file input_0.pdb (PDB, C-alpha atoms and all ligand atoms)
ATOM      1  CA  MET Q 683       0.000   0.000   0.000
ATOM      2  CA  VAL Q 684       2.781   2.368   1.055
ATOM      3  CA  GLY Q 685       4.600   1.415  -2.155
ATOM      4  CA  LEU Q 686       1.612   2.360  -4.269
ATOM      5  CA  VAL Q 687       1.211   5.736  -2.630
ATOM      6  CA  THR Q 688       4.897   6.443  -3.024
ATOM      7  CA  SER Q 689       4.995   5.515  -6.694
ATOM      8  CA  ALA Q 690       1.861   7.579  -7.476
ATOM      9  CA  ALA Q 691       3.421  10.543  -5.728
ATOM     10  CA  SER Q 692       6.691  10.107  -7.588
ATOM     11  CA  ARG Q 693       4.885   9.896 -10.923
ATOM     12  CA  ALA Q 694       2.993  13.096 -10.134
ATOM     13  CA  SER Q 695       6.315  14.755  -9.380
ATOM     14  CA  GLU Q 696       7.498  13.692 -12.870
ATOM     15  CA  GLY Q 697       4.826  15.926 -14.370
ATOM     16  CA  ARG Q 698       2.148  13.308 -15.200
ATOM     17  CA  SER Q 699      -0.956  13.017 -13.099
ATOM     18  CA  PHE Q 700      -2.505   9.790 -11.863
ATOM     19  CA  GLY Q 701      -4.492   7.997 -14.580
ATOM     20  CA  GLU Q 702      -2.579   9.472 -17.481
ATOM     21  CA  GLU Q 703       0.456   7.199 -17.589
ATOM     22  CA  GLY Q 704       1.968   7.371 -21.014
ATOM     23  CA  ALA Q 705      -1.123   9.281 -22.176
ATOM     24  CA  ARG Q 706      -1.805   6.548 -24.770
ATOM     25  CA  LEU Q 707      -4.552   4.189 -23.672
ATOM     26  CA  THR Q 708      -7.458   6.018 -22.090
ATOM     27  CA  TYR Q 709     -10.757   4.951 -20.552
ATOM     28  CA  GLY Q 710     -12.646   6.188 -23.587
ATOM     29  CA  SER Q 711     -10.339   4.732 -26.218
ATOM     30  CA  TYR Q 712     -10.083   1.312 -24.501
ATOM     31  CA  LEU Q 713     -13.878   1.038 -24.215
ATOM     32  CA  ARG Q 714     -14.481   2.603 -27.625
ATOM     33  CA  LEU Q 715     -16.863   5.077 -26.096
ATOM     34  CA  PRO Q 716     -17.017   7.512 -29.040
ATOM     35  CA  GLU Q 717     -18.242   4.613 -31.203
ATOM     36  CA  LEU Q 718     -20.492   3.101 -28.514
ATOM     37  CA  LEU Q 719     -22.166   6.352 -27.522
ATOM     38  CA  ASN Q 720     -22.792   7.313 -31.126
ATOM     39  CA  GLN Q 721     -25.054   4.325 -31.839
ATOM     40  CA  GLN Q 722     -28.292   5.635 -30.336
ATOM     41  CA  ARG Q 723     -30.274   7.255 -33.143
ATOM     42  CA  PRO Q 724     -33.971   7.829 -32.465
ATOM     43  CA  ALA Q 725     -36.002   7.668 -35.689
ATOM     44  CA  SER Q 726     -39.290   9.311 -34.732
ATOM     45  CA  GLU Q 727     -40.441  12.624 -36.148
ATOM     46  CA  PRO Q 728     -41.419  14.634 -34.168
ATOM     47  CA  PRO Q 729     -38.936  13.301 -31.587
ATOM     48  CA  ALA Q 730     -40.444  11.060 -28.893
ATOM     49  CA  HIS Q 731     -38.721  11.457 -25.520
ATOM     50  CA  ASP Q 732     -38.872   7.738 -24.612
ATOM     51  CA  GLU Q 733     -37.356   6.416 -27.824
ATOM     52  CA  LEU Q 734     -33.798   6.883 -26.512
ATOM     53  CA  LEU Q 735     -34.613   4.646 -23.542
ATOM     54  CA  PHE Q 736     -36.160   2.067 -25.882
ATOM     55  CA  ILE Q 737     -33.024   1.945 -28.045
ATOM     56  CA  THR Q 738     -30.609   1.963 -25.121
ATOM     57  CA  ILE Q 739     -32.324  -0.870 -23.294
ATOM     58  CA  HIS Q 740     -32.355  -3.090 -26.372
ATOM     59  CA  GLN Q 741     -28.688  -2.381 -27.034
ATOM     60  CA  VAL Q 742     -27.855  -3.263 -23.441
ATOM     61  CA  TYR Q 743     -29.766  -6.544 -23.898
ATOM     62  CA  GLU Q 744     -27.800  -7.338 -27.035
ATOM     63  CA  LEU Q 745     -24.479  -6.646 -25.259
ATOM     64  CA  TRP Q 746     -25.488  -9.025 -22.479
ATOM     65  CA  PHE Q 747     -26.663 -11.626 -25.033
ATOM     66  CA  GLN Q 748     -23.198 -11.439 -26.606
ATOM     67  CA  GLN Q 749     -21.617 -11.964 -23.192
ATOM     68  CA  LEU Q 750     -24.010 -14.844 -22.428
ATOM     69  CA  LEU Q 751     -23.052 -16.607 -25.663
ATOM     70  CA  HIS Q 752     -19.376 -16.203 -24.739
ATOM     71  CA  GLU Q 753     -19.975 -17.719 -21.291
ATOM     72  CA  LEU Q 754     -22.305 -20.478 -22.502
ATOM     73  CA  GLU Q 755     -19.753 -21.614 -25.087
ATOM     74  CA  ALA Q 756     -17.208 -21.894 -22.277
ATOM     75  CA  VAL Q 757     -19.721 -23.826 -20.141
ATOM     76  CA  ARG Q 758     -20.187 -26.265 -23.006
ATOM     77  CA  ALA Q 759     -16.415 -26.680 -23.478
ATOM     78  CA  ALA Q 760     -15.911 -27.293 -19.744
ATOM     79  CA  MET Q 761     -18.584 -30.005 -19.762
ATOM     80  CA  PHE Q 762     -17.064 -31.687 -22.816
ATOM     81  CA  ASP Q 763     -13.730 -31.680 -20.943
ATOM     82  CA  GLY Q 764     -15.369 -33.279 -17.895
ATOM     83  CA  ARG Q 765     -14.682 -30.212 -15.730
ATOM     84  CA  ALA Q 766     -18.020 -30.025 -13.917
ATOM     85  CA  TRP Q 767     -16.683 -27.539 -11.341
ATOM     86  CA  GLN Q 768     -15.702 -25.075 -14.044
ATOM     87  CA  ALA Q 769     -18.997 -25.346 -15.908
ATOM     88  CA  ARG Q 770     -20.770 -24.784 -12.587
ATOM     89  CA  ALA Q 771     -18.719 -21.647 -11.818
ATOM     90  CA  LEU Q 772     -19.361 -20.174 -15.259
ATOM     91  CA  LEU Q 773     -23.074 -20.931 -14.973
ATOM     92  CA  SER Q 774     -23.172 -18.895 -11.734
ATOM     93  CA  ARG Q 775     -22.038 -15.911 -13.778
ATOM     94  CA  VAL Q 776     -24.657 -16.730 -16.410
ATOM     95  CA  HIS Q 777     -27.344 -16.727 -13.697
ATOM     96  CA  SER Q 778     -26.198 -13.306 -12.428
ATOM     97  CA  ILE Q 779     -26.418 -11.845 -15.922
ATOM     98  CA  GLU Q 780     -29.858 -13.395 -16.396
ATOM     99  CA  ARG Q 781     -31.098 -11.785 -13.190
ATOM    100  CA  VAL Q 782     -29.964  -8.443 -14.600
ATOM    101  CA  LEU Q 783     -31.841  -9.187 -17.853
ATOM    102  CA  VAL Q 784     -35.051  -9.926 -15.964
ATOM    103  CA  GLY Q 785     -34.547  -6.957 -13.615
ATOM    104  CA  GLN Q 786     -34.104  -4.350 -16.294
ATOM    105  CA  VAL Q 787     -37.594  -4.970 -17.693
ATOM    106  CA  GLU Q 788     -38.810  -2.634 -14.966
ATOM    107  CA  VAL Q 789     -36.772   0.227 -16.399
ATOM    108  CA  LEU Q 790     -38.718   0.000 -19.671
ATOM    109  CA  GLU Q 791     -41.966  -0.290 -17.729
ATOM    110  CA  THR Q 792     -41.514   3.302 -16.574
ATOM    111  CA  MET Q 793     -42.651   4.139 -20.131
ATOM    112  CA  THR Q 794     -46.419   4.661 -20.448
ATOM    113  CA  PRO Q 795     -48.377   3.008 -23.304
ATOM    114  CA  GLN Q 796     -49.208   6.477 -24.664
ATOM    115  CA  ASP Q 797     -45.518   7.440 -24.770
ATOM    116  CA  PHE Q 798     -44.686   4.121 -26.511
ATOM    117  CA  LEU Q 799     -47.432   4.739 -29.078
ATOM    118  CA  ALA Q 800     -45.798   8.083 -29.915
ATOM    119  CA  PHE Q 801     -43.084   6.165 -31.791
ATOM    120  CA  ARG Q 802     -44.361   2.552 -32.076
ATOM    121  CA  SER Q 803     -45.624   2.956 -35.653
ATOM    122  CA  ARG Q 804     -42.053   3.777 -36.749
ATOM    123  CA  LEU Q 805     -40.849   0.373 -35.545
ATOM    124  CA  ALA Q 806     -42.866  -1.966 -37.805
ATOM    125  CA  PRO Q 807     -42.002  -4.462 -39.219
ATOM    126  CA  ALA Q 808     -39.009  -4.639 -36.847
ATOM    127  CA  SER Q 809     -39.466  -6.648 -33.659
ATOM    128  CA  GLY Q 810     -37.556  -8.419 -30.900
ATOM    129  CA  PHE Q 811     -38.545 -11.567 -32.756
ATOM    130  CA  GLN Q 812     -35.667 -10.714 -35.108
ATOM    131  CA  SER Q 813     -33.026 -10.790 -32.349
ATOM    132  CA  VAL Q 814     -30.505 -13.268 -33.712
ATOM    133  CA  GLN Q 815     -28.480 -13.462 -30.512
ATOM    134  CA  PHE Q 816     -31.623 -14.197 -28.455
ATOM    135  CA  ARG Q 817     -32.327 -17.157 -30.741
ATOM    136  CA  GLU Q 818     -28.657 -18.225 -30.579
ATOM    137  CA  VAL Q 819     -28.935 -18.397 -26.780
ATOM    138  CA  GLU Q 820     -32.031 -20.598 -27.137
ATOM    139  CA  PHE Q 821     -30.394 -22.897 -29.709
ATOM    140  CA  LEU Q 822     -27.112 -23.207 -27.777
ATOM    141  CA  SER Q 823     -28.970 -23.878 -24.536
ATOM    142  CA  GLY Q 824     -30.853 -26.791 -26.097
ATOM    143  CA  ALA Q 825     -34.015 -25.454 -27.749
ATOM    144  CA  LYS Q 826     -33.059 -25.811 -31.405
ATOM    145  CA  ASP Q 827     -35.913 -24.969 -33.762
ATOM    146  CA  PRO Q 828     -35.116 -24.716 -37.499
ATOM    147  CA  ASP Q 829     -38.568 -23.181 -38.133
ATOM    148  CA  PHE Q 830     -37.214 -19.853 -36.885
ATOM    149  CA  LEU Q 831     -34.729 -19.769 -39.730
ATOM    150  CA  ALA Q 832     -37.533 -20.123 -42.261
ATOM    151  CA  ARG Q 833     -39.598 -17.442 -40.518
ATOM    152  CA  PHE Q 834     -36.710 -14.936 -40.365
ATOM    153  CA  THR Q 835     -37.063 -13.170 -43.685
ATOM    154  CA  ALA Q 836     -34.678 -10.253 -43.253
ATOM    155  CA  LEU Q 837     -31.512 -12.010 -42.089
ATOM    156  CA  THR Q 838     -28.131 -10.954 -43.430
ATOM    157  CA  ASP Q 839     -25.951 -13.764 -44.799
ATOM    158  CA  ALA Q 840     -23.745 -13.553 -41.705
ATOM    159  CA  GLU Q 841     -26.744 -13.795 -39.350
ATOM    160  CA  ARG Q 842     -28.165 -16.771 -41.243
ATOM    161  CA  ALA Q 843     -24.774 -18.500 -41.130
ATOM    162  CA  ARG Q 844     -24.559 -17.948 -37.355
ATOM    163  CA  LEU Q 845     -27.989 -19.456 -36.769
ATOM    164  CA  GLU Q 846     -27.265 -22.387 -39.069
ATOM    165  CA  ARG Q 847     -24.036 -23.055 -37.176
ATOM    166  CA  ARG Q 848     -25.948 -23.024 -33.882
ATOM    167  CA  LEU Q 849     -28.367 -25.567 -35.305
ATOM    168  CA  THR Q 850     -25.588 -28.006 -36.185
ATOM    169  CA  GLU Q 851     -23.237 -27.607 -33.218
ATOM    170  CA  PRO Q 852     -23.750 -29.378 -29.866
ATOM    171  CA  THR Q 853     -25.971 -27.824 -27.204
ATOM    172  CA  LEU Q 854     -25.358 -27.525 -23.472
ATOM    173  CA  TRP Q 855     -27.579 -30.571 -23.057
ATOM    174  CA  ASP Q 856     -25.376 -32.592 -25.464
ATOM    175  CA  ALA Q 857     -22.345 -31.531 -23.423
ATOM    176  CA  PHE Q 858     -24.018 -32.464 -20.137
ATOM    177  CA  LEU Q 859     -24.868 -35.932 -21.474
ATOM    178  CA  HIS Q 860     -21.258 -36.297 -22.596
ATOM    179  CA  LEU Q 861     -20.170 -35.522 -19.045
ATOM    180  CA  LEU Q 862     -22.544 -38.158 -17.671
ATOM    181  CA  ARG Q 863     -21.189 -40.744 -20.123
ATOM    182  CA  GLY Q 864     -17.674 -39.905 -18.926
ATOM    183  CA  ARG Q 865     -18.799 -41.150 -15.508
ATOM    184  CA  GLY Q 866     -20.085 -44.406 -16.919
ATOM    185  CA  LEU Q 867     -23.732 -43.307 -16.861
ATOM    186  CA  ALA Q 868     -25.957 -44.343 -19.769
ATOM    187  CA  THR Q 869     -27.600 -41.704 -21.973
ATOM    188  CA  ASP Q 870     -28.854 -43.622 -25.010
ATOM    189  CA  SER Q 871     -32.597 -43.014 -24.433
ATOM    190  CA  ASP Q 872     -34.783 -40.696 -22.338
ATOM    191  CA  GLU Q 873     -35.442 -43.602 -19.955
ATOM    192  CA  ALA Q 874     -31.714 -44.306 -19.619
ATOM    193  CA  ILE Q 875     -30.995 -40.608 -18.995
ATOM    194  CA  THR Q 876     -33.677 -40.422 -16.311
ATOM    195  CA  ALA Q 877     -32.239 -43.532 -14.651
ATOM    196  CA  SER Q 878     -28.764 -41.955 -14.745
ATOM    197  CA  LEU Q 879     -30.079 -38.694 -13.305
ATOM    198  CA  LEU Q 880     -31.684 -40.652 -10.473
ATOM    199  CA  THR Q 881     -28.330 -42.318  -9.785
ATOM    200  CA  VAL Q 882     -26.728 -38.854  -9.628
ATOM    201  CA  ALA Q 883     -29.512 -37.487  -7.403
ATOM    202  CA  ARG Q 884     -29.351 -40.403  -4.974
ATOM    203  CA  ASP Q 885     -25.587 -40.640  -4.636
ATOM    204  CA  ARG Q 886     -24.338 -37.148  -4.091
ATOM    205  CA  ASP Q 887     -21.249 -38.422  -2.253
ATOM    206  CA  THR Q 888     -20.080 -39.714  -5.642
ATOM    207  CA  HIS Q 889     -21.904 -37.389  -8.034
ATOM    208  CA  GLY Q 890     -22.399 -34.171  -6.055
ATOM    209  CA  ASP Q 891     -20.689 -32.018  -8.684
ATOM    210  CA  ALA Q 892     -22.821 -33.475 -11.491
ATOM    211  CA  TRP Q 893     -25.941 -32.892  -9.392
ATOM    212  CA  ASP Q 894     -24.927 -29.251  -8.779
ATOM    213  CA  LEU Q 895     -24.352 -28.850 -12.491
ATOM    214  CA  ALA Q 896     -27.797 -30.257 -13.327
ATOM    215  CA  GLU Q 897     -29.309 -27.809 -10.840
ATOM    216  CA  ALA Q 898     -27.362 -24.960 -12.459
ATOM    217  CA  LEU Q 899     -28.847 -25.951 -15.832
ATOM    218  CA  VAL Q 900     -32.317 -25.948 -14.272
ATOM    219  CA  GLU Q 901     -31.664 -22.431 -12.985
ATOM    220  CA  HIS Q 902     -30.539 -21.292 -16.435
ATOM    221  CA  ASP Q 903     -33.776 -22.766 -17.826
ATOM    222  CA  ALA Q 904     -35.888 -21.182 -15.070
ATOM    223  CA  ASN Q 905     -34.298 -17.769 -15.669
ATOM    224  CA  ALA Q 906     -35.149 -17.933 -19.378
ATOM    225  CA  TRP Q 907     -38.720 -18.857 -18.456
ATOM    226  CA  LEU Q 908     -38.825 -15.940 -15.996
ATOM    227  CA  TRP Q 909     -37.626 -13.544 -18.713
ATOM    228  CA  ARG Q 910     -40.314 -14.748 -21.139
ATOM    229  CA  SER Q 911     -42.946 -14.331 -18.420
ATOM    230  CA  ARG Q 912     -41.724 -10.871 -17.469
ATOM    231  CA  HIS Q 913     -41.572  -9.841 -21.133
ATOM    232  CA  VAL Q 914     -45.157 -10.925 -21.868
ATOM    233  CA  VAL Q 915     -46.481  -9.035 -18.839
ATOM    234  CA  MET Q 916     -44.648  -5.924 -20.055
ATOM    235  CA  VAL Q 917     -46.049  -6.457 -23.553
ATOM    236  CA  GLU Q 918     -49.650  -6.790 -22.369
ATOM    237  CA  ARG Q 919     -49.173  -3.705 -20.216
ATOM    238  CA  GLN Q 920     -47.909  -1.743 -23.224
ATOM    239  CA  ILE Q 921     -50.044  -2.939 -26.135
ATOM    240  CA  GLY Q 922     -52.851  -5.032 -24.625
ATOM    241  CA  THR Q 923     -54.108  -7.518 -27.214
ATOM    242  CA  LYS Q 924     -52.859  -5.642 -30.292
ATOM    243  CA  SER Q 925     -50.872  -7.696 -32.756
ATOM    244  CA  GLY Q 926     -47.097  -7.268 -32.810
ATOM    245  CA  THR Q 927     -45.013  -5.093 -35.104
ATOM    246  CA  GLY Q 928     -43.291  -8.330 -36.168
ATOM    247  CA  GLY Q 929     -46.588  -9.668 -37.527
ATOM    248  CA  SER Q 930     -47.459 -12.134 -34.748
ATOM    249  CA  SER Q 931     -50.604 -12.103 -32.624
ATOM    250  CA  GLY Q 932     -48.547 -10.363 -29.905
ATOM    251  CA  GLY Q 933     -49.487 -11.427 -26.348
ATOM    252  CA  PRO Q 934     -51.061 -14.752 -27.416
ATOM    253  CA  TYR Q 935     -47.953 -15.695 -29.458
ATOM    254  CA  LEU Q 936     -45.686 -14.898 -26.521
ATOM    255  CA  ARG Q 937     -47.922 -16.787 -24.044
ATOM    256  CA  GLY Q 938     -47.663 -19.780 -26.365
ATOM    257  CA  ARG Q 939     -43.878 -19.723 -25.848
ATOM    258  CA  LEU Q 940     -44.080 -19.841 -22.046
ATOM    259  CA  PRO Q 941     -44.153 -23.680 -21.807
ATOM    260  CA  LEU Q 942     -40.787 -23.925 -23.608
ATOM    261  CA  ARG Q 943     -38.193 -25.772 -21.500
ATOM    262  CA  TYR Q 944     -34.536 -26.329 -22.386
ATOM    263  CA  TYR Q 945     -34.197 -29.438 -20.209
ATOM    264  CA  PRO Q 946     -37.580 -31.179 -19.885
ATOM    265  CA  LEU Q 947     -35.994 -34.339 -18.420
ATOM    266  CA  LEU Q 948     -34.490 -32.332 -15.552
ATOM    267  CA  TRP Q 949     -37.956 -30.968 -14.741
ATOM    268  CA  GLU Q 950     -39.600 -34.401 -15.068
ATOM    269  CA  LEU Q 951     -36.987 -35.804 -12.706
ATOM    270  CA  ARG Q 952     -38.794 -33.977  -9.883
ATOM    271  CA  ASP Q 953     -41.736 -36.331 -10.340
ATOM    272  CA  HIS Q 954     -39.527 -39.352  -9.653
ATOM    273  CA  LEU Q 955     -37.479 -38.103  -6.698
TER
HETATM  274  C1  LIG Q1001     -42.371  -1.864 -25.030
HETATM  275  C2  LIG Q1001     -41.696  -2.963 -24.858
HETATM  276  C3  LIG Q1001     -41.889  -4.196 -25.703
HETATM  277  C4  LIG Q1001     -42.987  -4.604 -26.395
HETATM  278  C5  LIG Q1001     -44.341  -3.939 -26.485
HETATM  279  C6  LIG Q1001     -42.620  -5.836 -27.028
HETATM  280  C7  LIG Q1001     -43.489  -6.568 -27.838
HETATM  281  C8  LIG Q1001     -43.187  -7.758 -28.429
HETATM  282  C9  LIG Q1001     -44.093  -8.516 -29.270
HETATM  283  C10 LIG Q1001     -45.514  -8.123 -29.568
HETATM  284  C11 LIG Q1001     -43.429  -9.615 -29.689
HETATM  285  C12 LIG Q1001     -43.955 -10.715 -30.604
HETATM  286  C13 LIG Q1001     -43.380 -10.571 -31.992
HETATM  287  C14 LIG Q1001     -44.083  -9.494 -32.800
HETATM  288  O1  LIG Q1001     -43.656  -8.339 -32.742
HETATM  289  O2  LIG Q1001     -45.055  -9.820 -33.506
HETATM  290  C15 LIG Q1001     -42.116  -9.560 -29.122
HETATM  291  C16 LIG Q1001     -41.131 -10.516 -29.284
HETATM  292  C17 LIG Q1001     -39.896 -10.439 -28.747
HETATM  293  N1  LIG Q1001     -39.354  -9.400 -28.012
HETATM  294 FE1  LIG Q1001     -40.338  -7.797 -27.362
HETATM  295  N2  LIG Q1001     -41.328  -6.164 -26.712
HETATM  296  C18 LIG Q1001     -40.843  -5.182 -25.908
HETATM  297  C19 LIG Q1001     -39.563  -5.116 -25.366
HETATM  298  C20 LIG Q1001     -38.575  -6.025 -25.589
HETATM  299  C21 LIG Q1001     -37.246  -5.951 -25.059
HETATM  300  C22 LIG Q1001     -36.703  -4.875 -24.145
HETATM  301  C23 LIG Q1001     -36.582  -7.020 -25.527
HETATM  302  C24 LIG Q1001     -35.146  -7.315 -25.238
HETATM  303  C25 LIG Q1001     -34.317  -7.783 -26.122
HETATM  304  C26 LIG Q1001     -37.485  -7.783 -26.350
HETATM  305  C27 LIG Q1001     -37.187  -8.950 -27.005
HETATM  306  C28 LIG Q1001     -38.079  -9.719 -27.699
HETATM  307  C29 LIG Q1001     -37.764 -11.028 -28.210
HETATM  308  C30 LIG Q1001     -36.442 -11.754 -28.071
HETATM  309  C31 LIG Q1001     -38.911 -11.486 -28.860
HETATM  310  C32 LIG Q1001     -39.099 -12.849 -29.508
HETATM  311  C33 LIG Q1001     -39.654 -13.790 -28.452
HETATM  312  C34 LIG Q1001     -39.947 -15.181 -28.954
HETATM  313  O3  LIG Q1001     -40.062 -15.409 -30.156
HETATM  314  O4  LIG Q1001     -40.065 -16.063 -28.092
HETATM  315  N3  LIG Q1001     -38.680  -7.152 -26.350
HETATM  316  N4  LIG Q1001     -41.992  -8.421 -28.348
HETATM  317  N1  LIG Q1002     -42.862  -5.862 -31.182
HETATM  318  C1  LIG Q1002     -43.179  -4.630 -30.439
HETATM  319  C2  LIG Q1002     -42.193  -3.547 -30.823
HETATM  320  C3  LIG Q1002     -40.943  -3.794 -30.107
HETATM  321  O1  LIG Q1002     -40.981  -3.963 -28.922
HETATM  322  C4  LIG Q1002     -39.659  -3.814 -30.813
HETATM  323  C5  LIG Q1002     -39.540  -3.186 -32.041
HETATM  324  C6  LIG Q1002     -38.311  -3.114 -32.672
HETATM  325  C7  LIG Q1002     -37.193  -3.689 -32.075
HETATM  326  C8  LIG Q1002     -37.322  -4.320 -30.852
HETATM  327  C9  LIG Q1002     -38.559  -4.398 -30.230
HETATM  328  N2  LIG Q1002     -38.631  -5.025 -29.016
HETATM  329  C10 LIG Q1002     -39.247  -6.181 -28.726
HETATM  330  O2  LIG Q1002     -40.021  -6.776 -29.418
HETATM  331  C11 LIG Q1002     -44.614  -4.202 -30.666
HETATM  332  O3  LIG Q1002     -45.359  -4.907 -31.317
HETATM  333  O4  LIG Q1002     -44.966  -3.151 -30.141
END
call {"tool": "encode", "arguments": {"input": "input_0.pdb", "output": "structure tokens"}}
result
Amino acid sequence: MVGLVTSAASRASEGRSFGEEGARLTYGSYLRLPELLNQQRPASEPPAHDELLFITIHQVYELWFQQLLHELEAVRAAMFDGRAWQARALLSRVHSIERVLVGQVEVLETMTPQDFLAFRSRLAPASGFQSVQFREVEFLSGAKDPDFLARFTALTDAERARLERRLTEPTLWDAFLHLLRGRGLATDSDEAITASLLTVARDRDTHGDAWDLAEALVEHDANAWLWRSRHVVMVERQIGTKSGTGGSSGGPYLRGRLPLRYYPLLWELRDHL
């Protein structure tokens, strides 16, 4: 501590102040703030006050989706390497991010339906339905659905390639089953998987880390379910039963997605415990 104070003081006496060492890398240049803070461009005419919030919140979501994909890929790699402890640790971070994603819905809910309507007509036919990274998170987690690719009409070539890659590569569930096989547990049918999960659940002295990992996957699944629930409540609060700018029925479409589960066998396991 004393050393730090001394060296800061000596640097100041050399004519440079704290935080400007070398005067090359700065906070703003490292974080690319000029670029980042120049990406919020409201489109409505006359300007609608709440449109900046609407853009900012979606951009923040997309940044977190990018981070989630980065973490989930590492979770998958750790499971394929048999490192349950590492996958578990990374999933804890994933859960924290997901709680932020659910929590920030309330920021957008400070917008009134009237203030949303002031710029909503400018948004069509764009919609959150077109979020490629959101769908990548679903596919990577385990809920692959090629129908989305057919329904996405306005994808760039790069976006289409990313989604196609996610449809062919292994999911977190594939990686988890690989980890179970590495412990001599059978995974060749749903019945065999359930039997293996029961072995894990009933012998935590041997399989405690695999059990914790399964629970971490359940929490990832539950957080996604919570986000979908929170989103549909926000949607009904904003637009009632109007159809969506993306062309769906709106609330009813989103309610139809609530039963989606990434890991149905982990939920069914509860019935057998
Ligand atoms: C005023 C706030 C919002 C409203 C009224 C709203 C409305 C809707 C509607 C109606 C849909 C169905 C698709 C369609 O447009 O026909 C939808 C889908 C979607 N929205 Fe939003 N949304 C809002 C905020 C957000 C935010 C902040 C996000 C964050 C990224 C988001 C992400 C999504 C996603 C990912 C879907 C696709 C869901 C799925 O297919 O399961 N939305 N939204
Ligand atoms: N689909 C929404 C509009 C909307 O929320 C939105 C529009 C463009 C980009 C992202 C959006 N967010 C979530 O769907 C609506 O029907 O009002």
call {"tool": "atom_distance", "arguments": {"input": "input_0.pdb", "atom1": "CA of Asn905 (chain Q)", "atom2": "CA of Leu783 (chain Q)"}}
result
9.2 Å
call {"tool": "residues_near_ligand", "arguments": {"input": "input_0.pdb", "ligand": "ligand LIG 1001 (chain Q)", "cutoff": "8 Å", "atoms": "all atoms listed in the file", "output": "PDB file with C-alpha atoms, in the frame of the given file"}}
result
ATOM      1  CA  PHE Q 736     -36.160   2.067 -25.882  1.00  0.00           C
ATOM      2  CA  ILE Q 739     -32.324  -0.870 -23.294  1.00  0.00           C
ATOM      3  CA  HIS Q 740     -32.355  -3.090 -26.372  1.00  0.00           C
ATOM      4  CA  GLN Q 741     -28.688  -2.381 -27.034  1.00  0.00           C
ATOM      5  CA  TYR Q 743     -29.766  -6.544 -23.898  1.00  0.00           C
ATOM      6  CA  GLU Q 744     -27.800  -7.338 -27.035  1.00  0.00           C
ATOM      7  CA  VAL Q 787     -37.594  -4.970 -17.693  1.00  0.00           C
ATOM      8  CA  LEU Q 790     -38.718   0.000 -19.671  1.00  0.00           C
ATOM      9  CA  GLU Q 791     -41.966  -0.290 -17.729  1.00  0.00           C
ATOM     10  CA  MET Q 793     -42.651   4.139 -20.131  1.00  0.00           C
ATOM     11  CA  PRO Q 795     -48.377   3.008 -23.304  1.00  0.00           C
ATOM     12  CA  PHE Q 798     -44.686   4.121 -26.511  1.00  0.00           C
ATOM     13  CA  PRO Q 807     -42.002  -4.462 -39.219  1.00  0.00           C
ATOM     14  CA  ALA Q 808     -39.009  -4.639 -36.847  1.00  0.00           C
ATOM     15  CA  SER Q 809     -39.466  -6.648 -33.659  1.00  0.00           C
ATOM     16  CA  GLY Q 810     -37.556  -8.419 -30.900  1.00  0.00           C
ATOM     17  CA  PHE Q 811     -38.545 -11.567 -32.756  1.00  0.00           C
ATOM     18  CA  GLN Q 812     -35.667 -10.714 -35.108  1.00  0.00           C
ATOM     19  CA  SER Q 813     -33.026 -10.790 -32.349  1.00  0.00           C
ATOM     20  CA  PHE Q 816     -31.623 -14.197 -28.455  1.00  0.00           C
ATOM     21  CA  ARG Q 817     -32.327 -17.157 -30.741  1.00  0.00           C
ATOM     22  CA  ARG Q 910     -40.314 -14.748 -21.139  1.00  0.00           C
ATOM     23  CA  HIS Q 913     -41.572  -9.841 -21.133  1.00  0.00           C
ATOM     24  CA  VAL Q 914     -45.157 -10.925 -21.868  1.00  0.00           C
ATOM     25  CA  MET Q 916     -44.648  -5.924 -20.055  1.00  0.00           C
ATOM     26  CA  VAL Q 917     -46.049  -6.457 -23.553  1.00  0.00           C
ATOM     27  CA  GLU Q 918     -49.650  -6.790 -22.369  1.00  0.00           C
ATOM     28  CA  ARG Q 919     -49.173  -3.705 -20.216  1.00  0.00           C
ATOM     29  CA  GLN Q 920     -47.909  -1.743 -23.224  1.00  0.00           C
ATOM     30  CA  ILE Q 921     -50.044  -2.939 -26.135  1.00  0.00           C
ATOM     31  CA  LYS Q 924     -52.859  -5.642 -30.292  1.00  0.00           C
ATOM     32  CA  SER Q 925     -50.872  -7.696 -32.756  1.00  0.00           C
ATOM     33  CA  GLY Q 926     -47.097  -7.268 -32.810  1.00  0.00           C
ATOM     34  CA  THR Q 927     -45.013  -5.093 -35.104  1.00  0.00           C
ATOM     35  CA  GLY Q 928     -43.291  -8.330 -36.168  1.00  0.00           C
ATOM     36  CA  GLY Q 929     -46.588  -9.668 -37.527  1.00  0.00           C
ATOM     37  CA  SER Q 930     -47.459 -12.134 -34.748  1.00  0.00           C
ATOM     38  CA  SER Q 931     -50.604 -12.103 -32.624  1.00  0.00           C
ATOM     39  CA  GLY Q 932     -48.547 -10.363 -29.905  1.00  0.00           C
ATOM     40  CA  GLY Q 933     -49.487 -11.427 -26.348  1.00  0.00           C
ATOM     41  CA  TYR Q 935     -47.953 -15.695 -29.458  1.00  0.00           C
ATOM     42  CA  LEU Q 936     -45.686 -14.898 -26.521  1.00  0.00           C
ATOM     43  CA  ARG Q 939     -43.878 -19.723 -25.848  1.00  0.00           C
TER      44      ARG Q 939
END
call {"tool": "closest_residue", "arguments": {"input": "input_0.pdb", "among": "Q:Ala756, Q:Ala725, Q:Leu845, Q:Ala904", "to": "ligand LIG 1002 (chain Q)", "atoms": "only C-alpha atoms and all ligand atoms"}}
result
Q:Ala725
call {"tool": "atom_distance", "arguments": {"input": "input_0.pdb", "atom1": "CA of His731 (chain Q)", "atom2": "CA of Asp797 (chain Q)"}}
result
7.9 Å
call {"tool": "residues_around", "arguments": {"input": "input_0.pdb", "residues": "Arg952 (chain Q)", "least_positions_apart": "3", "cutoff": "12 Å", "atoms": "all atoms listed in the file", "output": "count of residues only"}}
result
11
